[in-house]
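Asker: My structure is in work15.txt, and what it holds is compact mmCIF, C-alpha atoms:
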# COMPACT_ATOMS: atom_id res chain seq x y z
CA MET A 1 -15.49 0.73 1.70
CA ILE A 2 -19.25 1.21 1.61
CA LEU A 3 -18.97 2.55 -1.94
CA LEU A 4 -17.09 -0.58 -3.03
CA VAL A 5 -19.86 -2.80 -1.66
CA PHE A 6 -22.49 -0.58 -3.25
CA ASN A 7 -20.57 -0.69 -6.54
CA LEU A 8 -20.44 -4.50 -6.43
CA LEU A 9 -24.15 -4.61 -5.62
CA LEU A 10 -24.95 -2.39 -8.61
CA ALA A 11 -22.77 -4.59 -10.83
CA VAL A 12 -24.72 -7.68 -9.70
CA VAL A 13 -27.98 -5.85 -10.37
CA TRP A 14 -26.67 -5.01 -13.85
CA VAL A 15 -25.94 -8.69 -14.48
CA ALA A 16 -29.42 -9.64 -13.28
CA ILE A 17 -31.14 -7.01 -15.46
CA THR A 18 -29.20 -7.90 -18.62
CA GLY A 19 -29.60 -11.64 -18.06
CA SER A 20 -25.99 -12.38 -19.02
CA ALA A 21 -23.96 -13.77 -16.13
CA SER A 22 -20.55 -13.60 -17.78
CA PHE A 23 -17.37 -12.19 -16.25
CA VAL A 24 -17.09 -9.55 -18.97
CA ASN A 25 -20.65 -8.37 -18.31
CA LEU A 26 -19.94 -8.24 -14.56
CA VAL A 27 -16.82 -6.12 -15.16
CA PHE A 28 -18.77 -3.87 -17.51
CA GLY A 29 -21.48 -3.48 -14.86
CA PHE A 30 -18.82 -2.67 -12.26
CA VAL A 31 -17.29 0.05 -14.47
CA LEU A 32 -20.73 1.42 -15.33
CA ALA A 33 -21.70 1.51 -11.65
CA ALA A 34 -18.40 3.23 -10.74
CA ILE A 35 -19.07 5.94 -13.31
CA ALA A 36 -22.64 6.36 -12.03
CA LEU A 37 -21.40 6.63 -8.44
CA ALA A 38 -18.78 9.21 -9.48
CA VAL A 39 -21.43 11.32 -11.22
CA VAL A 40 -23.84 11.14 -8.28
CA ARG A 41 -21.14 11.71 -5.70
CA SER A 42 -19.62 14.71 -7.48
CA SER A 43 -23.02 16.41 -7.68
CA TYR A 44 -23.27 16.24 -3.87
CA GLY A 45 -19.74 17.58 -3.37
CA GLY A 46 -18.13 14.31 -2.31
CA GLY A 47 -14.75 13.07 -3.41
CA LEU A 48 -14.31 10.73 -6.31
CA TYR A 49 -14.61 7.04 -5.52
CA LEU A 50 -12.11 6.00 -8.18
CA GLY A 51 -9.44 8.36 -6.84
CA ARG A 52 -8.83 6.20 -3.77
CA THR A 53 -8.73 3.09 -5.95
CA ARG A 54 -6.06 4.73 -8.11
CA ARG A 55 -4.01 5.65 -5.02
CA ILE A 56 -4.28 2.12 -3.61
CA LEU A 57 -3.16 0.71 -6.97
CA ALA A 58 -0.22 3.16 -6.91
CA LEU A 59 0.73 1.79 -3.47
CA LEU A 60 0.49 -1.77 -4.81
CA LEU A 61 2.67 -0.88 -7.80
CA LEU A 62 5.24 0.76 -5.51
CA PHE A 63 5.31 -2.38 -3.38
CA ILE A 64 5.85 -4.62 -6.42
CA CYS A 65 8.69 -2.38 -7.67
CA GLU A 66 10.34 -2.26 -4.22
CA LEU A 67 9.91 -6.01 -3.89
CA ALA A 68 11.70 -6.63 -7.19
CA LYS A 69 14.52 -4.16 -6.43
CA SER A 70 15.15 -5.49 -2.95
CA ALA A 71 14.93 -9.13 -4.06
CA TRP A 72 17.59 -8.37 -6.65
CA ALA A 73 19.77 -6.61 -4.06
CA VAL A 74 19.47 -9.52 -1.62
CA ALA A 75 20.26 -12.04 -4.37
CA VAL A 76 23.36 -10.07 -5.39
CA ALA A 77 24.48 -9.79 -1.76
CA VAL A 78 24.02 -13.50 -1.13
CA MET A 79 25.67 -14.63 -4.37
CA SER A 80 28.72 -12.39 -4.09
CA PRO A 81 31.86 -14.18 -2.87
CA LYS A 82 32.53 -11.51 -0.26
CA MET A 83 29.35 -10.55 1.58
CA ASP A 84 29.90 -6.92 2.48
CA ILE A 85 26.79 -6.34 4.52
CA LYS A 86 26.26 -4.58 7.81
CA PRO A 87 23.01 -5.82 9.37
CA GLY A 88 21.41 -3.69 12.03
CA ILE A 89 18.28 -2.34 13.65
CA PHE A 90 17.22 1.29 13.35
CA ALA A 91 14.34 3.34 14.73
CA PHE A 92 11.97 4.72 12.12
CA PRO A 93 9.88 7.71 13.31
CA LEU A 94 6.27 7.16 12.26
CA THR A 95 4.14 9.80 10.61
CA VAL A 96 1.17 7.47 10.26
CA ASP A 97 -0.78 7.16 13.50
CA ARG A 98 -3.75 4.84 12.97
CA ASP A 99 -3.41 1.16 13.82
CA PHE A 100 -4.36 0.05 10.30
CA GLU A 101 -1.74 2.32 8.70
CA ILE A 102 1.00 1.25 11.13
CA THR A 103 0.18 -2.41 10.56
CA LEU A 104 0.13 -1.98 6.78
CA LEU A 105 3.48 -0.15 6.81
CA ALA A 106 5.06 -2.77 9.07
CA ASN A 107 3.79 -5.59 6.85
CA LEU A 108 4.97 -3.91 3.63
CA ILE A 109 8.42 -3.46 5.17
CA THR A 110 8.48 -7.07 6.38
CA LEU A 111 7.37 -8.46 3.02
CA THR A 112 10.21 -6.63 1.28
CA PRO A 113 13.35 -8.81 1.24
CA GLY A 114 16.22 -7.53 3.34
CA THR A 115 14.04 -5.71 5.87
CA LEU A 116 11.96 -6.84 8.81
CA SER A 117 9.71 -4.89 11.15
CA VAL A 118 10.72 -5.82 14.67
CA ASP A 119 8.55 -3.80 17.03
CA VAL A 120 6.44 -0.69 17.49
CA SER A 121 7.02 1.55 20.49
CA ASP A 122 4.31 1.77 23.15
CA ASP A 123 3.46 5.33 22.14
CA ARG A 124 3.09 4.20 18.47
CA LYS A 125 5.52 6.87 17.27
CA THR A 126 8.51 4.64 16.40
CA LEU A 127 8.84 1.49 14.32
CA TYR A 128 11.97 -0.61 14.83
CA VAL A 129 13.23 -2.14 11.60
CA HIS A 130 15.98 -4.68 10.98
CA ALA A 131 17.82 -4.23 7.70
CA LEU A 132 20.16 -6.68 6.03
CA ASP A 133 22.45 -3.82 5.03
CA CYS A 134 22.18 -0.99 7.54
CA SER A 135 25.30 0.89 6.42
CA ASP A 136 23.19 4.01 5.70
CA PRO A 137 20.10 3.96 7.95
CA GLU A 138 19.16 7.55 7.06
CA ALA A 139 18.82 6.62 3.38
CA ILE A 140 16.61 3.65 4.31
CA LYS A 141 14.46 5.89 6.52
CA ARG A 142 14.06 8.42 3.69
CA SER A 143 13.18 5.63 1.29
CA ILE A 144 10.47 4.28 3.60
CA ALA A 145 9.10 7.75 4.41
CA ASP A 146 9.05 8.93 0.79
CA GLY A 147 7.77 5.60 -0.52
CA PHE A 148 5.53 3.36 1.55
CA GLU A 149 4.55 5.81 4.28
CA ARG A 150 3.69 8.66 1.90
CA ARG A 151 1.64 6.37 -0.36
CA ILE A 152 -0.21 4.89 2.63
CA MET A 153 -1.15 8.37 3.81
CA GLU A 154 -2.29 9.34 0.31
CA ALA A 155 -4.40 6.22 -0.09
CA PHE A 156 -6.11 6.07 3.29
CA ARG A 157 -6.62 9.65 4.42
How does this structure look as structure tokens?
Answerer:
Amino acid sequence: MILLVFNLLLAVVWVAITGSASFVNLVFGFVLAAIALAVVRSSYGGGLYLGRTRRILALLLLFICELAKSAWAVAVAVMSPKMDIKPGIFAFPLTVDRDFEITLLANLITLTPGTLSVDVSDDRKTLYVHALDCSDPEAIKRSIADGFERRIMEAFR
């Protein structure tokens, strides 16, 4: 997070030095500052700053894809003459353990149509999820674990 602020600060300095306060020049300054930070950081043995950004963008892309797929599935279920759904609540065992990660996972699940995060256990090891079609809860658990939870751990650890 500090590197993002420092990157933005360097981009603003770039705009001030060049004297051109356009959006394109600001973006160019941001990219130039990101490259400079990557070079400096790699020489001191630190991880790459842009790697986390790429992983966060991968999480965002996964969310958009899951959002589209689940919205389509909910629309098909609602529009079909015979709604063959089995709603239910299942317990999802959490691998993530920090409050931010649990909150992000719960919100991503809730924002996806057809699912809703209901509660987190007191020991923060189980997330209770309501699904519109809970005919195969194990498949839903695998989907969440292999999708959102794995990407959250990759992006924020």
Asker: Quick check, in Å to one decimal: how far apart do atom CA of Leu127 of chain A and atom CA of Ile140 of chain A lie?
Answerer: 12.9 Å
Asker: Ser121 of chain A: which residues within 12 Å, counting only C-alpha atoms, same-chain residues fewer than 2 positions away excluded, as a ChimeraX atom specification?
Answerer: /A:91-94,97,102,117-119,123-129
Asker: Calculated over only C-alpha atoms, which of the candidates A:Ile56, A:Ile89, A:Leu132, A:Val78 has the smallest distance to Ala155 of chain A?
Answerer: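 Closest to Ala155 of chain A, using only C-alpha atoms: A:Ile56.
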Asker: Can you pull out the residues contacting segment 3-13 of chain A? Cut-off 7 Å, using only C-alpha atoms, and skip same-chain residues under 2 positions away; I want them as a ChimeraX atom specification.
Answerer: /A:1,15-17,26,29-30,33-34
Asker: As an exercise, work out the distance from atom CA of Thr115 of chain A to atom CA of His130 of chain A in Å and give it to one decimal place.
Answerer: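 For atom CA of Thr115 of chain A relative to atom CA of His130 of chain A, the distance reads 5.6 Å.
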Asker: Using Å and a single decimal, report how far atom CA of Ala71 of chain A sits from atom CA of Ile85 of chain A.
Answerer: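 Result for atom CA of Ile85 of chain A versus atom CA of Ala71 of chain A: 14.9 Å, one decimal.
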Asker: What residues have an atom no more than 12 Å from (13.5, -12.4, 1.8) in the file's own frame, counting only C-alpha atoms, and can you write them as a ChimeraX atom specification?
Answerer: /A:67-75,77-78,109-116,131-132
Asker: How big is the axis-aligned box around the listed atoms of segment 6-9 of chain A once 5 Å is added on each side, and where is its centre? Give both in Å to one decimal, as JSON.
Answerer:
{"center_x": -22.3, "center_y": -2.6, "center_z": -4.9, "size_x": 13.7, "size_y": 14.0, "size_z": 13.3}
